[in-house]
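Below is the file run_13.txt, which contains compact mmCIF, C-alpha atoms.
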```txt
# COMPACT_ATOMS: atom_id res chain seq x y z
CA MET H 585 104.94 140.25 88.13
CA ILE H 586 102.57 140.07 91.09
CA PRO H 587 99.79 142.66 90.76
CA VAL H 588 99.49 145.03 93.72
CA THR H 589 96.62 147.29 94.71
CA SER H 590 97.54 150.06 97.12
CA ALA H 591 94.31 150.97 98.87
CA ARG H 592 93.93 154.49 100.25
CA SER H 593 90.71 153.85 102.18
CA LEU H 594 88.90 150.95 103.80
CA SER H 595 86.22 150.99 101.07
CA GLU H 596 88.93 150.69 98.40
CA ALA H 597 90.39 147.73 100.28
CA TYR H 598 86.95 146.10 100.63
CA ALA H 599 86.34 146.57 96.89
CA ILE H 600 89.38 144.38 96.19
CA LEU H 601 88.33 141.83 98.81
CA HIS H 602 84.91 141.69 97.16
CA GLN H 603 86.53 140.51 93.92
CA ARG H 604 88.23 137.67 95.83
CA PRO H 605 91.34 137.55 93.64
CA ARG H 606 93.09 134.18 93.72
CA GLY H 607 96.00 133.94 96.16
CA LEU H 608 95.32 137.29 97.80
CA ARG H 609 97.84 138.41 100.42
CA VAL H 610 97.46 141.54 102.52
CA LEU H 611 100.58 143.71 102.88
CA ALA H 612 100.89 146.04 105.87
CA GLY H 613 104.36 147.00 107.12
CA GLY H 614 106.08 144.22 105.16
CA THR H 615 108.23 142.86 107.97
CA ASP H 616 106.93 139.33 107.37
CA LEU H 617 105.60 139.28 103.80
CA MET H 618 108.61 141.04 102.27
CA VAL H 619 110.98 138.58 103.94
CA ALA H 620 109.15 135.77 102.15
CA VAL H 621 109.09 137.71 98.87
CA ASN H 622 112.84 138.41 99.10
CA ALA H 623 113.58 134.76 99.83
CA ARG H 624 111.20 133.79 96.99
CA VAL H 625 109.37 131.50 99.38
CA GLY H 626 105.81 130.64 98.36
CA LEU H 627 105.78 133.26 95.61
CA ASP H 628 103.76 130.96 93.35
CA ARG H 629 100.96 131.01 95.91
CA ILE H 630 100.71 134.83 95.89
CA GLY H 631 98.29 135.88 93.16
CA HIS H 632 97.53 139.44 94.21
CA VAL H 633 98.78 141.76 96.95
CA LEU H 634 96.48 144.20 98.70
CA ASP H 635 98.65 146.95 100.21
CA ILE H 636 96.83 148.54 103.16
CA TRP H 637 99.75 150.57 104.59
CA ARG H 638 97.98 153.87 103.83
CA VAL H 639 94.46 153.03 104.94
CA PRO H 640 93.87 155.67 107.62
CA GLU H 641 90.80 153.98 109.16
CA LEU H 642 93.01 151.11 110.35
CA ARG H 643 95.35 153.29 112.44
CA GLY H 644 95.23 154.62 115.95
CA ILE H 645 94.44 153.74 119.53
CA SER H 646 91.32 154.93 121.35
CA LEU H 647 89.39 154.30 124.53
CA GLU H 648 85.67 153.44 124.20
CA GLY H 649 84.20 153.01 127.66
CA ALA H 650 86.09 150.10 129.19
CA THR H 651 87.50 148.91 125.86
CA LEU H 652 90.86 149.80 124.40
CA ARG H 653 90.58 149.84 120.61
CA ILE H 654 93.78 149.28 118.71
CA GLY H 655 93.71 149.75 114.93
CA ALA H 656 95.24 146.82 113.05
CA LEU H 657 97.86 149.05 111.39
CA THR H 658 99.15 150.46 114.66
CA THR H 659 102.91 149.96 114.63
CA TYR H 660 105.06 148.80 117.53
CA SER H 661 106.57 152.30 117.63
CA GLU H 662 103.09 153.78 118.00
CA LEU H 663 102.23 151.30 120.76
CA MET H 664 105.47 152.27 122.56
CA ARG H 665 104.77 156.02 122.28
CA SER H 666 101.04 156.00 123.04
CA ARG H 667 100.05 157.68 126.30
CA LEU H 668 96.80 155.71 126.38
CA MET H 669 98.74 152.46 126.11
CA ALA H 670 101.16 153.53 128.85
CA GLU H 671 98.21 154.28 131.15
CA GLN H 672 95.91 151.38 130.31
CA LEU H 673 98.05 148.45 129.15
CA PRO H 674 101.73 149.22 129.73
CA ALA H 675 102.77 145.58 129.18
CA LEU H 676 101.72 145.78 125.51
CA ALA H 677 103.91 148.87 125.08
CA ALA H 678 106.77 147.07 126.86
CA VAL H 679 106.58 143.94 124.70
CA SER H 680 106.57 146.14 121.57
CA ARG H 681 109.94 147.48 122.69
CA GLU H 682 111.28 143.91 122.62
CA VAL H 683 110.09 143.23 119.05
CA GLY H 684 112.94 143.78 116.61
CA ALA H 685 114.79 147.08 116.62
CA TRP H 686 113.68 150.59 115.62
CA ALA H 687 113.44 149.93 111.88
CA ILE H 688 111.21 146.91 112.50
CA GLN H 689 109.17 148.66 115.20
CA ASN H 690 108.48 151.50 112.73
CA ARG H 691 106.96 149.16 110.15
CA GLY H 692 105.71 146.08 111.99
CA THR H 693 102.05 146.29 113.00
CA ILE H 694 100.02 144.60 115.71
CA GLY H 695 97.54 143.47 113.05
CA GLY H 696 100.37 141.92 111.08
CA ASN H 697 101.52 140.09 114.20
CA VAL H 698 98.00 138.69 114.65
CA CYS H 699 97.38 137.75 111.00
CA ASN H 700 100.84 136.28 110.40
CA ALA H 701 99.83 134.01 113.29
CA SER H 702 103.32 132.80 114.09
CA PRO H 703 103.41 130.78 117.32
CA ALA H 704 106.31 133.11 118.22
CA GLY H 705 104.33 136.34 117.66
CA ASP H 706 105.28 138.40 120.71
CA THR H 707 102.04 140.31 121.24
CA LEU H 708 99.82 137.24 120.87
CA PRO H 709 100.09 135.68 124.36
CA LEU H 710 99.35 139.12 125.82
CA LEU H 711 96.26 139.53 123.64
CA LEU H 712 95.11 136.01 124.56
CA ALA H 713 95.60 136.64 128.29
CA CYS H 714 93.55 139.85 127.92
CA GLU H 715 90.76 137.97 126.13
CA ALA H 716 91.07 140.45 123.27
CA ARG H 717 88.47 140.44 120.50
CA PHE H 718 89.53 140.68 116.89
CA VAL H 719 87.20 142.72 114.68
CA LEU H 720 87.29 141.35 111.13
CA GLY H 721 85.86 143.40 108.29
CA GLY H 722 85.07 142.96 104.63
CA PRO H 723 82.48 143.70 101.97
CA ARG H 724 79.96 141.53 103.88
CA GLY H 725 80.32 143.63 107.04
CA GLU H 726 82.10 143.18 110.35
CA ARG H 727 82.26 140.32 112.82
CA THR H 728 84.12 139.76 116.04
CA VAL H 729 86.19 136.69 116.88
CA ALA H 730 87.65 136.01 120.32
CA ALA H 731 91.46 135.83 120.28
CA ASP H 732 91.16 132.32 121.67
CA GLU H 733 89.12 131.19 118.66
CA PHE H 734 91.20 132.95 116.00
CA PHE H 735 94.31 130.76 115.81
CA LEU H 736 93.14 127.49 114.26
CA GLY H 737 96.42 125.73 113.47
CA TYR H 738 99.99 126.43 112.48
CA ARG H 739 99.72 129.84 110.75
CA LYS H 740 96.06 129.15 110.09
CA THR H 741 93.50 131.71 111.24
CA ALA H 742 89.76 132.30 111.24
CA LEU H 743 90.13 135.11 108.65
CA GLY H 744 87.88 134.57 105.64
CA ALA H 745 89.14 134.98 102.07
CA ASP H 746 87.34 138.33 101.80
CA GLU H 747 88.20 139.66 105.26
CA LEU H 748 90.96 141.65 106.89
CA LEU H 749 91.64 142.49 110.50
CA VAL H 750 90.24 145.95 111.26
CA ARG H 751 91.04 146.37 114.93
CA ILE H 752 91.72 144.68 118.23
CA ASP H 753 89.44 145.38 121.18
CA VAL H 754 90.93 144.80 124.62
CA PRO H 755 88.46 144.78 127.52
CA LEU H 756 89.92 146.73 130.45
CA ILE H 757 89.27 145.35 133.91
CA ASP H 758 89.55 147.44 137.06
CA GLY H 759 92.34 146.20 139.26
CA ALA H 760 93.69 143.72 136.70
CA ARG H 761 97.37 143.70 135.84
CA LEU H 762 99.00 142.23 132.75
CA SER H 763 102.56 141.01 132.94
CA TYR H 764 104.72 138.90 130.65
CA ARG H 765 108.18 137.49 130.24
CA LYS H 766 109.88 136.93 126.91
CA VAL H 767 112.92 134.66 126.79
CA GLY H 768 115.16 135.16 123.78
CA THR H 769 118.85 134.82 123.06
CA ARG H 770 119.45 138.42 124.06
CA LYS H 771 117.43 141.46 125.10
CA ALA H 772 117.14 143.27 121.78
CA GLN H 773 115.92 141.99 118.45
CA SER H 774 115.70 138.30 119.06
CA ILE H 775 112.95 135.85 118.26
CA SER H 776 111.41 134.35 121.39
CA ARG H 777 112.20 130.87 122.63
CA THR H 778 109.23 131.08 124.91
CA ILE H 779 106.92 133.86 126.01
CA VAL H 780 104.36 133.78 128.81
CA ALA H 781 101.68 136.33 129.68
CA VAL H 782 99.60 136.50 132.86
CA ARG H 783 96.63 138.74 133.63
CA LYS H 784 95.74 138.81 137.30
CA GLY H 785 92.82 140.63 138.86
CA PRO H 786 90.30 140.32 141.67
CA GLY H 787 89.14 136.70 141.44
CA MET H 788 90.47 136.24 137.91
CA LEU H 789 93.54 134.76 136.33
CA ARG H 790 94.37 134.31 132.66
CA ILE H 791 97.52 132.65 131.35
CA ALA H 792 98.75 132.36 127.76
CA ALA H 793 101.99 131.28 126.11
CA GLY H 794 103.78 131.42 122.78
CA CYS H 795 106.48 129.31 121.04
CA VAL H 796 105.25 126.19 122.84
CA ALA H 797 102.64 124.82 120.41
CA PRO H 798 101.60 125.20 116.75
CA VAL H 799 99.55 128.23 117.86
CA PRO H 800 99.86 130.82 120.63
CA LEU H 801 97.45 129.54 123.28
CA ARG H 802 95.50 130.10 126.48
CA CYS H 803 96.71 127.75 129.22
CA ARG H 804 93.50 126.75 130.96
CA ASN H 805 94.93 123.81 132.93
CA ALA H 806 97.53 126.12 134.43
CA GLU H 807 94.87 128.72 135.23
CA ALA H 808 92.75 126.16 137.07
CA ALA H 809 95.74 124.78 138.97
CA ALA H 810 96.93 128.23 140.03
CA LEU H 811 93.44 129.28 141.19
CA SER H 812 93.06 126.10 143.29
CA SER H 813 96.65 126.11 144.60
CA GLY H 814 97.31 122.97 142.56
CA ASP H 815 100.45 121.80 140.78
CA VAL H 816 101.00 124.54 138.18
CA ARG H 817 104.10 122.86 136.76
CA ALA H 818 102.21 119.66 135.99
CA ALA H 819 99.21 121.60 134.68
CA ILE H 820 101.12 123.76 132.19
CA ALA H 821 102.78 120.63 130.82
CA LYS H 822 99.28 119.52 129.79
CA ASP H 823 98.57 122.85 128.07
CA ILE H 824 101.66 123.10 125.90
CA ALA H 825 103.27 120.92 123.23
CA PRO H 826 106.68 122.40 122.41
CA ILE H 827 109.00 121.11 119.71
CA ASP H 828 112.76 121.05 119.12
CA ASP H 829 113.88 123.63 116.61
CA VAL H 830 116.88 125.85 115.81
CA ARG H 831 116.08 128.22 118.69
CA ALA H 832 115.55 125.78 121.56
CA THR H 833 114.74 122.21 122.49
CA ALA H 834 111.33 121.06 123.64
CA VAL H 835 112.77 120.14 127.04
CA TYR H 836 114.24 123.62 127.46
CA ARG H 837 110.98 125.25 126.43
CA SER H 838 108.89 123.15 128.84
CA ARG H 839 111.15 123.82 131.80
CA VAL H 840 111.65 127.53 131.15
CA THR H 841 107.98 128.15 130.39
CA ALA H 842 107.01 126.61 133.75
CA ASN H 843 109.75 128.51 135.60
CA VAL H 844 108.77 131.81 134.05
CA LEU H 845 105.10 131.21 134.75
CA LEU H 846 105.73 130.41 138.41
CA ARG H 847 107.75 133.58 138.76
CA LEU H 848 105.05 135.68 137.11
CA LEU H 849 102.41 134.18 139.40
CA GLN H 850 104.45 135.13 142.47
CA GLU H 851 104.97 138.74 141.39
CA MET B 682 105.83 156.76 90.38
CA LYS B 683 107.43 159.73 92.13
CA LEU B 684 109.79 159.55 95.09
CA LEU B 685 111.54 162.41 96.85
CA VAL B 686 115.05 161.09 97.32
CA ASN B 687 117.57 163.21 99.21
CA GLY B 688 115.48 166.28 98.47
CA GLU B 689 115.18 165.62 94.73
CA GLU B 690 112.07 164.46 92.94
CA ARG B 691 112.83 161.23 91.09
CA ASN B 692 110.58 159.35 88.71
CA VAL B 693 110.80 155.61 89.03
CA ASP B 694 109.36 152.97 86.75
CA ALA B 695 109.42 149.76 88.78
CA PRO B 696 107.17 146.82 89.63
CA PRO B 697 105.27 147.73 92.81
CA LEU B 698 106.80 144.95 94.94
CA ARG B 699 110.37 145.80 93.91
CA ARG B 700 112.37 146.51 97.03
CA LEU B 701 113.11 150.16 97.77
CA LEU B 702 116.68 148.92 98.33
CA ASP B 703 116.97 147.80 94.68
CA VAL B 704 115.36 150.95 93.31
CA LEU B 705 117.81 153.10 95.29
CA ARG B 706 120.89 151.07 94.35
CA GLU B 707 120.17 149.91 90.82
CA ASP B 708 117.74 152.46 89.37
CA LEU B 709 119.03 155.59 91.12
CA GLY B 710 122.69 154.62 91.61
CA LEU B 711 122.67 155.27 95.36
CA THR B 712 125.02 152.44 96.27
CA GLY B 713 125.64 153.75 99.79
CA VAL B 714 122.57 151.69 100.65
CA LYS B 715 123.90 148.16 101.25
CA GLU B 716 122.28 144.78 101.16
CA GLY B 717 123.30 142.51 104.00
CA CYS B 718 120.77 139.90 105.01
CA GLY B 719 117.72 140.89 102.96
CA GLU B 720 115.41 139.99 105.84
CA GLY B 721 115.42 142.96 108.20
CA GLU B 722 117.99 141.66 110.69
CA CYS B 723 121.24 143.47 109.85
CA GLY B 724 120.31 147.09 109.11
CA ALA B 725 122.85 147.61 106.31
CA CYS B 726 120.04 148.91 104.08
CA SER B 727 118.71 151.43 106.66
CA VAL B 728 117.28 154.65 105.23
CA LEU B 729 114.78 157.19 106.52
CA ILE B 730 111.30 157.40 105.02
CA ASP B 731 109.51 160.59 106.04
CA GLY B 732 111.96 160.88 108.92
CA GLU B 733 111.55 157.33 110.26
CA LEU B 734 114.21 154.62 110.15
CA VAL B 735 113.30 151.61 107.97
CA ASN B 736 115.00 148.59 106.44
CA SER B 737 114.76 149.38 102.73
CA CYS B 738 114.94 145.64 101.91
CA LEU B 739 111.51 145.21 103.52
CA VAL B 740 109.81 148.19 101.87
CA ALA B 741 107.98 147.56 98.60
CA VAL B 742 108.64 150.62 96.46
CA CYS B 743 104.90 151.20 96.03
CA GLN B 744 104.74 151.92 99.76
CA ALA B 745 107.27 154.74 99.43
CA GLU B 746 105.45 156.52 96.58
CA GLY B 747 105.33 160.25 97.27
CA SER B 748 107.46 159.88 100.41
CA GLN B 749 110.72 161.59 101.31
CA VAL B 750 113.58 159.12 101.34
CA LEU B 751 116.91 160.00 102.92
CA THR B 752 119.98 157.87 102.22
CA VAL B 753 123.56 158.34 103.38
CA GLU B 754 124.22 160.23 100.13
CA GLY B 755 121.82 162.90 101.41
CA LEU B 756 124.08 163.63 104.38
CA ASN B 757 127.00 165.89 103.52
CA LEU B 758 129.82 165.10 105.94
CA THR B 759 127.76 165.95 109.00
CA PRO B 760 129.38 166.27 112.46
CA LEU B 761 128.13 162.70 113.05
CA GLN B 762 130.00 161.38 109.99
CA ARG B 763 133.06 163.43 111.02
CA ALA B 764 132.86 161.76 114.46
CA PHE B 765 132.78 158.30 112.80
CA LEU B 766 136.00 159.24 110.99
CA ASP B 767 137.67 160.77 114.06
CA HIS B 768 136.86 157.78 116.28
CA GLY B 769 137.76 155.09 113.75
CA ALA B 770 134.17 153.85 113.92
CA ALA B 771 134.34 152.16 110.53
CA GLN B 772 136.45 149.21 109.48
CA CYS B 773 135.22 147.23 106.49
CA GLY B 774 132.49 149.82 105.98
CA ILE B 775 129.57 147.64 104.93
CA CYS B 776 127.50 148.47 108.00
CA THR B 777 128.59 152.12 108.11
CA PRO B 778 125.95 153.81 105.91
CA GLY B 779 123.11 152.04 107.73
CA MET B 780 124.75 152.66 111.08
CA VAL B 781 125.09 156.36 110.24
CA MET B 782 121.40 156.57 109.26
CA ALA B 783 120.29 154.92 112.53
CA ALA B 784 122.60 157.21 114.50
CA HIS B 785 121.40 160.24 112.52
CA ARG B 786 117.80 159.38 113.46
CA PHE B 787 118.86 158.89 117.07
CA LEU B 788 120.42 162.38 117.20
CA LEU B 789 117.22 163.85 115.71
CA SER B 790 115.23 162.26 118.56
CA GLY B 791 117.07 164.46 121.07
CA ALA B 792 117.21 161.58 123.59
CA PRO B 793 120.17 161.69 126.01
CA ALA B 794 123.10 159.78 124.51
CA THR B 795 123.49 157.27 127.33
CA ASP B 796 125.19 153.97 126.54
CA GLU B 797 121.86 152.19 126.79
CA ASN B 798 119.97 154.65 124.55
CA VAL B 799 122.68 154.61 121.88
CA ARG B 800 122.92 150.82 121.93
CA GLU B 801 119.14 150.50 121.66
CA ALA B 802 119.13 152.92 118.71
CA ILE B 803 121.66 150.82 116.78
CA ALA B 804 120.43 147.42 118.01
CA GLY B 805 119.15 146.69 114.50
CA ASN B 806 122.49 147.48 112.84
CA LEU B 807 124.99 144.66 112.96
CA CYS B 808 128.74 145.30 112.72
CA ARG B 809 131.12 142.35 112.54
CA CYS B 810 134.38 144.37 112.79
CA THR B 811 134.41 147.06 115.43
CA GLY B 812 132.83 145.49 118.50
CA TYR B 813 130.62 148.60 118.55
CA ALA B 814 132.63 150.49 121.19
CA LYS B 815 134.03 153.04 118.76
CA ILE B 816 130.67 153.43 117.05
CA VAL B 817 128.99 154.19 120.38
CA GLU B 818 131.78 156.62 121.25
CA ALA B 819 131.42 158.39 117.89
CA ILE B 820 127.67 158.79 118.31
CA GLN B 821 128.07 160.05 121.87
CA SER B 822 130.72 162.53 120.81
CA ALA B 823 128.47 163.82 117.99
CA ALA B 824 125.60 164.12 120.46
CA ALA B 825 127.79 166.08 122.90
CA GLY B 826 128.87 168.38 120.06
CA ALA B 827 125.26 168.95 119.04
CA GLN B 828 124.46 170.11 122.57
CA ARG B 829 127.22 172.66 122.69
```

When written as structure tokens, how does the structure in this file appear?
Amino acid sequence: MIPVTSARSLSEAYAILHQRPRGLRVLAGGTDLMVAVNARVGLDRIGHVLDIWRVPELRGISLEGATLRIGALTTYSELMRSRLMAEQLPALAAVSREVGAWAIQNRGTIGGNVCNASPAGDTLPLLLACEARFVLGGPRGERTVAADEFFLGYRKTALGADELLVRIDVPLIDGARLSYRKVGTRKAQSISRTIVAVRKGPGMLRIAAGCVAPVPLRCRNAEAAALSSGDVRAAIAKDIAPIDDVRATAVYRSRVTANVLLRLLQE
Amino acid sequence: MKLLVNGEERNVDAPPLRRLLDVLREDLGLTGVKEGCGEGECGACSVLIDGELVNSCLVAVCQAEGSQVLTVEGLNLTPLQRAFLDHGAAQCGICTPGMVMAAHRFLLSGAPATDENVREAIAGNLCRCTGYAKIVEAIQSAAAGAQR
């Protein structure tokens, strides 16, 4: 039987992290971890589960100056309902509506999406295009890692063994607009085949994509090409490295990612 | 640990990562809760926890401690269930309890029962028999009745 600690506060959670139990996994809404547990995949690598679902300090959305602070445990449903989100970053609310269906949106969290670090995580290209900062916390204190430096390899992140994601800070920029396009098999509850996010503002352009590499990534070649009226299609091909899998072929992903990006740039 | 299931306090002795689905079906005998896919895609195991729709196959029972859980057994032939019967909205029946719980939550939301809203509300509940048309009709008819 896998031991579980259900923390009721951040200090209780940090106390467990301080002990560094072997094979520690953090459980939030369970929409990824419980799927693995049910399928008995990698169970032997789970030594201890830290359940943070009821840690109140990790919930909620607030505005601090020009920074939108999103608690790691904020669910997709909360992102969809938040007035602040609708005013400041409506695209993040919109993409939450395309993640799973109600039952998943009620449990899945933005922090879980980040820490699960799937290349198909739907919020991740948006957070990358916004140059979000991930605030990691633990018994040794807090540190901030840029979204772009967080995803190190396939499902590998910069999180330390005694750290958890506390919140996501999104810098708001006057006049900037975030847009995205997710391409799945249908509109509701489908895993993306490709997803592209673009943040455009006065003199700035940020592009990121998911499902087209081992990690969700910023597309700097495409950004440079678009800013200098260069060949965006050729440039994005240098940024991404898609594979064939059950959801789509690499050729499909390359073509559709470029098409979608060009459309987003014209909007 | 204590759970409030369909209004009754129940004591459960289960490993913390045991699925709420298994506790409801095997420990508490509430077999209206069905297992379909076991990975949060099909919605057959849908229940409400503190009023919110969840897939009980993805909820570790420790996360439901002290919460109110509502399963289809907690609904007593509501107008919604009556509408499912009247419209022939069930065939094999495996998806029906989960479908009813999603529809029940939709009616509680008070959102207008447009085709799009109803279909979004049950997007996480797969039915392989009906083609959904009769299910949508049943939910819309229950919503219209609730307004009257």

ask   = Between CA of Met682 (chain B) and CA of Ala695 (chain B), what is the spacing in Å?
value = 8.0 Å

key: Residues near Ala612 (chain H), cut-off 9 Å, only C-alpha atoms, skip fewer than 6 positions along chain, as a PyMOL selection string   = chain H and resi 634-638+657+691-693+695-696

Could you give me, as a Markdown table, every chain B residue with an atom at most 7 Å from chain H, plus its closest atom pair and distance in Å to one decimal, counting only C-alpha atoms, rows ordered by chain then number?
```
| residue | atom | partner | partner_atom | distance |
| --- | --- | --- | --- | --- |
| B:Pro697 | CA | H:Val588 | CA | 6.4 |
| B:Gly719 | CA | H:Asn622 | CA | 6.7 |
| B:Glu720 | CA | H:Val619 | CA | 5.0 |
| B:Leu734 | CA | H:Ala687 | CA | 5.1 |
| B:Val735 | CA | H:Ala687 | CA | 4.3 |
| B:Asn736 | CA | H:Ala687 | CA | 5.8 |
| B:Leu739 | CA | H:Met618 | CA | 5.2 |
| B:Val740 | CA | H:Gly614 | CA | 6.4 |
| B:Ala802 | CA | H:Trp686 | CA | 6.7 |
| B:Ala804 | CA | H:Ala685 | CA | 5.8 |
| B:Gly805 | CA | H:Ala685 | CA | 4.9 |
```

ask   = For the atom pair CA of Lys715 (chain B) and CA of Val750 (chain B), what is the interatomic distance in Å to one decimal place?
value = 15.1 Å

task = Might you pull out every residue within 8 Å of Ile775 (chain H), with all atoms listed in the file counted and same-chain residues fewer than 2 positions away left off, and present them as an MDAnalysis selection string?
result = chainID H and resid 683 704 768:769 773 777

query = Do you know which residues are at most 6 Å from region 742-751 of chain H counting all atoms listed in the file, after dropping those on the same chain fewer than 6 positions away, and could you put them as a PyMOL selection string?
reply = chain H and resi 601+642+654-656+719-722+734

ask   = What would the list of residues within 12 Å of (118.4, 166.1, 123.2) (file frame) look like as JSON, numbers by chain, if only C-alpha atoms are what count?
value = {"B": [786, 787, 788, 789, 790, 791, 792, 793, 794, 795, 798, 821, 823, 824, 825, 826, 827, 828, 829]}

request  = Go through H:Leu652, H:Met664, H:Val796, H:Ala760 and flag the residue nearest Gly705 (chain H), using only C-alpha atoms for the distances.
outcome  = H:Val796

key: Atomic separation - CA of Ser763 (chain H) relative to CA of Arg783 (chain H), Å   =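 Computed distance, CA of Arg783 (chain H) to CA of Ser763 (chain H), equals 6.4 Å.
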
ask   = Nearest to Ala591 (chain H) among B:Glu754, B:Val781, B:Cys743, B:Glu707, with distances taken over only C-alpha atoms: which residue is it?
value =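 Closest residue, counting only C-alpha atoms: B:Cys743.
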